[in-house]
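Peer 1: So I've got this file, start.cif, and it contains mmCIF, C-alpha atoms:
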data_model
#
loop_
_atom_site.label_atom_id
_atom_site.label_comp_id
_atom_site.auth_asym_id
_atom_site.auth_seq_id
_atom_site.Cartn_x
_atom_site.Cartn_y
_atom_site.Cartn_z
CA MET A 10 177.62 145.93 93.18
CA PRO A 11 179.91 147.16 90.33
CA GLU A 12 183.60 147.66 91.10
CA LYS A 13 185.18 151.12 91.15
CA HIS A 14 186.67 152.50 87.93
CA LEU A 15 188.89 155.43 87.03
CA SER A 16 185.88 156.95 85.31
CA THR A 17 183.40 158.23 87.89
CA GLN A 18 180.84 158.59 85.11
CA PHE A 19 181.20 154.91 84.16
CA ASP A 20 180.69 153.96 87.82
CA SER A 21 177.58 156.08 87.87
CA GLU A 22 176.23 154.42 84.73
CA LEU A 23 176.87 150.92 86.07
CA ASN A 24 175.23 151.75 89.40
CA SER A 25 172.26 153.26 87.58
CA VAL A 26 171.73 150.10 85.51
CA SER A 27 172.17 147.90 88.59
CA SER A 28 169.50 149.89 90.42
CA ARG A 29 167.15 149.67 87.46
CA VAL A 30 167.54 145.91 87.23
CA MET A 31 166.76 145.57 90.94
CA GLU A 32 163.76 147.87 90.49
CA LEU A 33 162.52 145.71 87.65
CA GLY A 34 162.99 142.64 89.85
CA GLY A 35 160.89 144.21 92.59
CA LEU A 36 158.16 145.04 90.09
CA VAL A 37 158.10 141.48 88.75
CA GLU A 38 158.03 140.14 92.30
CA SER A 39 154.94 142.26 93.04
CA GLN A 40 153.35 141.00 89.82
CA ILE A 41 153.92 137.40 90.87
CA ARG A 42 152.48 138.10 94.34
CA GLN A 43 149.36 139.52 92.72
CA ALA A 44 149.08 136.45 90.49
CA ILE A 45 149.37 134.18 93.55
CA TYR A 46 146.69 136.23 95.33
CA ALA A 47 144.47 135.94 92.26
CA LEU A 48 144.90 132.18 92.42
CA SER A 49 144.32 131.85 96.16
CA GLN A 50 141.27 134.14 96.25
CA PHE A 51 140.02 133.75 92.66
CA SER A 52 140.13 137.52 92.48
CA MET A 53 139.34 139.24 89.17
CA GLU A 54 140.64 142.49 90.64
CA ALA A 55 144.05 140.89 91.22
CA VAL A 56 143.96 139.49 87.67
CA GLU A 57 143.51 143.01 86.31
CA GLN A 58 146.32 144.30 88.55
CA VAL A 59 148.71 141.73 87.08
CA ALA A 60 147.87 142.91 83.57
CA SER A 61 148.47 146.52 84.60
CA ILE A 62 151.90 145.72 86.05
CA GLU A 63 152.76 143.76 82.89
CA GLN A 64 152.75 146.97 80.83
CA ARG A 65 155.18 148.63 83.25
CA VAL A 66 157.47 145.58 83.24
CA ASN A 67 157.63 145.52 79.44
CA ALA A 68 158.35 149.25 79.24
CA MET A 69 161.12 149.03 81.85
CA GLU A 70 162.73 146.06 80.10
CA VAL A 71 162.95 148.09 76.87
CA GLU A 72 164.43 151.08 78.73
CA ILE A 73 167.11 148.97 80.45
CA ASP A 74 168.00 147.25 77.19
CA HIS A 75 168.43 150.63 75.48
CA GLU A 76 170.59 151.89 78.36
CA LEU A 77 172.82 148.82 78.22
CA SER A 78 173.24 149.11 74.45
CA SER A 79 174.22 152.76 74.86
CA ILE A 80 176.85 151.97 77.53
CA ILE A 81 178.39 149.16 75.49
CA ALA A 82 178.56 151.35 72.38
CA ARG A 83 180.16 154.28 74.21
CA ARG A 84 182.42 152.48 76.69
CA GLN A 85 183.38 149.38 74.68
CA PRO A 86 183.97 147.44 77.92
CA THR A 87 186.12 144.33 78.16
CA ALA A 88 186.73 141.47 80.60
CA ARG A 89 184.71 141.66 83.83
CA ASP A 90 182.94 144.89 82.87
CA LEU A 91 181.61 143.24 79.74
CA ARG A 92 180.52 140.18 81.72
CA LEU A 93 178.71 142.48 84.13
CA LEU A 94 176.77 144.22 81.37
CA ILE A 95 175.95 140.90 79.70
CA ALA A 96 174.73 139.59 83.07
CA PHE A 97 172.53 142.69 83.48
CA SER A 98 171.09 142.14 80.00
CA LYS A 99 170.34 138.45 80.57
CA ALA A 100 168.94 139.07 84.05
CA THR A 101 166.62 141.72 82.60
CA ALA A 102 165.42 139.32 79.91
CA ASN A 103 164.73 136.61 82.49
CA LEU A 104 162.84 139.03 84.71
CA GLU A 105 160.68 140.17 81.80
CA ARG A 106 159.88 136.54 81.00
CA MET A 107 158.93 135.91 84.62
CA GLY A 108 156.51 138.80 84.26
CA ASP A 109 155.09 137.10 81.17
CA GLU A 110 154.58 133.92 83.17
CA ALA A 111 152.82 135.84 85.96
CA HIS A 112 150.57 137.40 83.32
CA LYS A 113 149.88 133.93 81.94
CA MET A 114 148.97 132.76 85.46
CA ALA A 115 146.48 135.61 85.76
CA ARG A 116 144.89 134.76 82.41
CA MET A 117 144.48 131.13 83.46
CA VAL A 118 142.92 132.17 86.78
CA LYS A 119 140.48 134.36 84.87
CA SER A 120 139.55 131.43 82.62
CA ILE A 121 139.02 129.16 85.64
CA ILE A 122 136.82 131.77 87.36
CA GLU A 123 134.72 132.21 84.24
CA SER A 124 134.32 128.43 83.86
CA GLY A 125 132.67 128.23 87.29
CA ALA A 126 134.81 125.23 88.28
CA ALA A 127 137.24 127.08 90.49
CA ARG A 128 136.30 125.59 93.86
CA SER A 129 136.12 121.96 92.67
CA LEU A 130 139.75 121.72 91.56
CA PRO A 131 142.95 121.23 93.62
CA SER A 132 144.16 124.79 93.12
CA SER A 133 145.36 124.99 96.73
CA ASP A 134 148.13 122.54 95.84
CA LEU A 135 149.49 125.08 93.40
CA ARG A 136 149.79 127.83 95.98
CA MET A 137 152.68 126.08 97.72
CA ALA A 138 154.59 125.79 94.44
CA ALA A 139 153.76 129.41 93.61
CA ASP A 140 155.07 130.56 97.00
CA LEU A 141 158.25 128.55 96.42
CA ALA A 142 158.74 130.18 93.01
CA SER A 143 158.13 133.67 94.41
CA GLY A 144 160.58 133.00 97.24
CA LEU A 145 163.16 131.73 94.77
CA LEU A 146 162.96 134.97 92.80
CA ARG A 147 163.42 136.99 95.99
CA LYS A 148 166.51 134.96 96.90
CA ALA A 149 167.89 135.28 93.35
CA LEU A 150 167.55 139.07 93.41
CA ASP A 151 169.23 139.27 96.81
CA ALA A 152 172.07 136.99 95.69
CA PHE A 153 172.49 139.00 92.48
CA ALA A 154 172.73 142.25 94.41
CA ARG A 155 175.42 140.76 96.68
CA LEU A 156 177.08 138.59 93.98
CA ASP A 157 176.74 135.69 96.42
CA THR A 158 177.75 132.51 94.58
CA LYS A 159 176.98 130.22 97.50
CA ALA A 160 173.44 131.58 97.70
CA ALA A 161 173.22 131.10 93.93
CA LEU A 162 174.20 127.46 94.36
CA ASP A 163 171.44 126.98 96.95
CA ILE A 164 168.93 128.47 94.49
CA LEU A 165 169.92 125.95 91.81
CA LYS A 166 169.26 123.12 94.27
CA GLU A 167 165.96 124.60 95.48
CA ASP A 168 164.60 124.82 91.93
CA ASP A 169 164.43 121.02 91.98
CA LEU A 170 161.72 121.26 94.67
CA ILE A 171 159.50 123.28 92.34
CA ASP A 172 160.02 120.72 89.57
CA LYS A 173 158.97 117.92 91.93
CA GLU A 174 155.87 119.88 93.01
CA PHE A 175 154.95 120.33 89.35
CA ASP A 176 155.32 116.61 88.56
CA GLY A 177 153.20 115.62 91.57
CA PHE A 178 150.51 118.14 90.69
CA VAL A 179 150.29 116.91 87.10
CA ARG A 180 149.68 113.36 88.32
CA LYS A 181 146.92 114.54 90.65
CA LEU A 182 145.31 116.62 87.91
CA VAL A 183 145.23 113.66 85.52
CA THR A 184 143.35 111.71 88.20
CA TYR A 185 140.77 114.51 88.53
CA MET A 186 140.17 114.58 84.78
CA MET A 187 139.79 110.79 84.60
CA GLU A 188 137.30 110.76 87.48
CA ASP A 189 135.23 113.68 86.19
CA PRO A 190 135.58 114.58 82.49
CA ARG A 191 133.56 117.76 83.13
CA THR A 192 136.65 119.23 84.82
CA ILE A 193 138.92 118.73 81.79
CA SER A 194 138.71 122.31 80.48
CA ALA A 195 139.38 123.97 83.86
CA SER A 196 141.99 121.31 84.68
CA LEU A 197 143.92 122.18 81.54
CA ASP A 198 143.92 125.82 82.66
CA LEU A 199 145.38 124.70 85.97
CA LEU A 200 147.97 122.63 84.13
CA PHE A 201 149.11 125.65 82.11
CA LEU A 202 149.12 127.69 85.33
CA ALA A 203 151.33 125.09 87.01
CA LYS A 204 153.71 125.19 84.05
CA ALA A 205 153.95 128.98 84.35
CA ILE A 206 154.92 128.61 88.02
CA GLU A 207 157.59 126.07 87.09
CA ARG A 208 158.97 128.46 84.46
CA ILE A 209 159.27 131.26 87.04
CA GLY A 210 161.46 128.91 89.04
CA ASP A 211 163.51 128.13 85.93
CA HIS A 212 164.11 131.82 85.22
CA SER A 213 165.17 132.40 88.85
CA LYS A 214 167.61 129.54 88.36
CA ASN A 215 168.92 131.29 85.24
CA VAL A 216 169.61 134.44 87.29
CA ALA A 217 171.50 132.32 89.84
CA GLU A 218 173.62 130.86 87.02
CA LEU A 219 174.41 134.40 85.87
CA ILE A 220 175.85 135.19 89.30
CA ILE A 221 178.29 132.30 89.00
CA TYR A 222 179.15 133.37 85.45
CA LEU A 223 179.80 136.92 86.57
CA VAL A 224 181.90 136.10 89.64
CA LYS A 225 183.72 132.99 88.42
CA GLY A 226 183.73 133.64 84.66
CA LYS A 227 182.27 130.17 84.05
CA ASP A 228 179.08 129.32 82.17
CA VAL A 229 177.45 126.58 84.28
CA ARG A 230 174.30 126.17 82.21
CA HIS A 231 173.58 122.46 81.65
CA ALA A 232 176.52 121.53 83.90
CA ALA A 233 176.17 118.74 86.45
CA MET A 234 175.57 119.88 90.02
CA ASN A 235 178.92 118.45 91.17
CA ASP A 236 180.71 120.52 88.52
CA ILE A 237 178.79 123.66 89.53
CA GLU A 238 179.68 123.12 93.20
CA SER A 239 183.33 122.76 92.22
CA ALA A 240 183.21 126.00 90.22
CA VAL A 241 181.62 127.90 93.12
CA LEU A 242 183.91 126.55 95.82
CA GLN A 243 187.17 127.07 93.94
#
How does the structure come out when it is put into structure tokens?
Peer 2:
Amino acid sequence: MPEKHLSTQFDSELNSVSSRVMELGGLVESQIRQAIYALSQFSMEAVEQVASIEQRVNAMEVEIDHELSSIIARRQPTARDLRLLIAFSKATANLERMGDEAHKMARMVKSIIESGAARSLPSSDLRMAADLASGLLRKALDAFARLDTKAALDILKEDDLIDKEFDGFVRKLVTYMMEDPRTISASLDLLFLAKAIERIGDHSKNVAELIIYLVKGKDVRHAAMNDIESAVLQ
């Protein structure tokens, strides 16, 4: 992904960081898949696996951050090189937070299992949103590796689908709680779980915005979709 430089060592360092960020992304993706499996099968084993991966994600995030700080201090990059390193840093932070959300999902699944109300709640509705969020992360990592701004734009649009799924699920969950107050505790766990899924989508969207920032040099956070499309297509 990084462009060639006069310094072969600098190229090597940039490629090393790029590979590490992609490796972290793959690890977070596996963590999210385990969290989705825990939700679909109400599996305590999968819950424990998510927690185990969380430790590796946190350790790798610290290592990448240290490596980036070292490169910036030694190379004092400017212009596009600096944007690239900033993008790596922000992408790493977003990936680590996605891991946190996956861990949160696992904790909520554990709470639902222990409550004994797992089968009586509309958890299957969440699996579609979770699959969408996981797919969005996969697309964001692929677009980041290729610096594909058009794919990034598609990701920004697709995140809206996850938001709509979340809103619809909240309405359904409120109905369940009104009809049977005994489900309130487990329903609240599902609500927090749904919010974690939505946040994974948001962080994937952040990674997509970083691609546009890196390639076009424009910060499109909070920009209207028409303005983002204009920036990408210029």
Peer 1: Report the distance between atom CA of A:His75 and atom CA of A:Arg230 in Å, rounded to one decimal place.
Peer 2: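 That distance, rounded to one decimal, is 26.0 Å.
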Peer 1: Apply the PyMOL selection byres ((chain A and resi 201) around 12) to the file shown and report the selected residues as a PyMOL selection string.
Peer 2: chain A and resi 110-118+120-121+135+175+178-179+182+194-200+202-208
Peer 1: Keeping C-alpha atoms, export the residues of the selection given above as a CSV table (one decimal), in the coordinates of the input.
Peer 2:
chain,number,residue,atom,x,y,z
A,110,GLU,CA,154.6,133.9,83.2
A,111,ALA,CA,152.8,135.8,86.0
A,112,HIS,CA,150.6,137.4,83.3
A,113,LYS,CA,149.9,133.9,81.9
A,114,MET,CA,149.0,132.8,85.5
A,115,ALA,CA,146.5,135.6,85.8
A,116,ARG,CA,144.9,134.8,82.4
A,117,MET,CA,144.5,131.1,83.5
A,118,VAL,CA,142.9,132.2,86.8
A,120,SER,CA,139.6,131.4,82.6
A,121,ILE,CA,139.0,129.2,85.6
A,135,LEU,CA,149.5,125.1,93.4
A,175,PHE,CA,155.0,120.3,89.4
A,178,PHE,CA,150.5,118.1,90.7
A,179,VAL,CA,150.3,116.9,87.1
A,182,LEU,CA,145.3,116.6,87.9
A,194,SER,CA,138.7,122.3,80.5
A,195,ALA,CA,139.4,124.0,83.9
A,196,SER,CA,142.0,121.3,84.7
A,197,LEU,CA,143.9,122.2,81.5
A,198,ASP,CA,143.9,125.8,82.7
A,199,LEU,CA,145.4,124.7,86.0
A,200,LEU,CA,148.0,122.6,84.1
A,202,LEU,CA,149.1,127.7,85.3
A,203,ALA,CA,151.3,125.1,87.0
A,204,LYS,CA,153.7,125.2,84.0
A,205,ALA,CA,154.0,129.0,84.4
A,206,ILE,CA,154.9,128.6,88.0
A,207,GLU,CA,157.6,126.1,87.1
A,208,ARG,CA,159.0,128.5,84.5
Peer 1: So what does the PyMOL selection byres ((chain A and resi 73) around 9) actually pick up in this one, as number ranges by chain?
Peer 2: A: 26, 29-30, 68-72, 74-78, 97-98, 101
Peer 1: Compile the contact shell of A:Glu218 as number ranges by chain: residues with an atom at most 9 Å away, counting only C-alpha atoms, same-chain residues fewer than 2 positions apart removed.
Peer 2: A: 158, 161-162, 165, 213-216, 220-223, 228-230
Peer 1: How about saving the chosen residues, C-alpha atoms kept, as a compact mmCIF listing (two decimals), keeping the file's coordinate frame?
Peer 2:
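Final file, result38.txt:
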# COMPACT_ATOMS: atom_id res chain seq x y z
CA THR A 158 177.75 132.51 94.58
CA ALA A 161 173.22 131.10 93.93
CA LEU A 162 174.20 127.46 94.36
CA LEU A 165 169.92 125.95 91.81
CA SER A 213 165.17 132.40 88.85
CA LYS A 214 167.61 129.54 88.36
CA ASN A 215 168.92 131.29 85.24
CA VAL A 216 169.61 134.44 87.29
CA ILE A 220 175.85 135.19 89.30
CA ILE A 221 178.29 132.30 89.00
CA TYR A 222 179.15 133.37 85.45
CA LEU A 223 179.80 136.92 86.57
CA ASP A 228 179.08 129.32 82.17
CA VAL A 229 177.45 126.58 84.28
CA ARG A 230 174.30 126.17 82.21
Peer 1: How many Å separate atom CA of A:Val59 from atom CA of A:Gln43?
Peer 2: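 Value for the atom CA of A:Val59-atom CA of A:Gln43 distance: 6.1 Å.
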Peer 1: Given the file shown, determine the residues that the PyMOL selection byres ((chain A and resi 141) around 10) selects; report them as a PyMOL selection string.
Peer 2: chain A and resi 135-140+142-147+167-168+170-171+174+206-207+209-210
Peer 1: Interatomic distance between atom CA of A:Ile81 and atom CA of A:Ala102?
Peer 2: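 Atom-to-atom, atom CA of A:Ile81 and atom CA of A:Ala102 are spaced 16.9 Å apart.
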Peer 1: Quick one: residues within 10 Å of A:Arg155, all atoms listed in the file, excluding same-chain residues fewer than 4 positions away - as an MDAnalysis selection string?
Peer 2: chainID A and resid 10 149:151 160 220
Peer 1: Which residue gives the smallest distance to A:Phe153 among A:Gly34, A:Pro86, A:Pro190, A:Gly108, with all atoms listed in the file counted?
Peer 2: A:Gly34
Peer 1: Find, counting all atoms listed in the file, the residue in A:Asp172, A:Glu188, A:Glu123, A:Asp109 that gets nearest to A:Met53.
Peer 2: A:Glu123
Peer 1: Could you tell me which of A:Glu22, A:Glu32, A:Asp134, A:Glu63 comes closest to A:Ser49 if we count all atoms listed in the file?
Peer 2: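 Among the listed residues, the smallest separation from A:Ser49 belongs to A:Asp134.
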Peer 1: What's the 12 Å shell around A:Asp90, counting all atoms listed in the file, without same-chain residues fewer than 2 positions away, as a ChimeraX atom specification?
Peer 2: /A:10-14,19-20,22-23,77,80-81,84-88,92-97,223-224,226
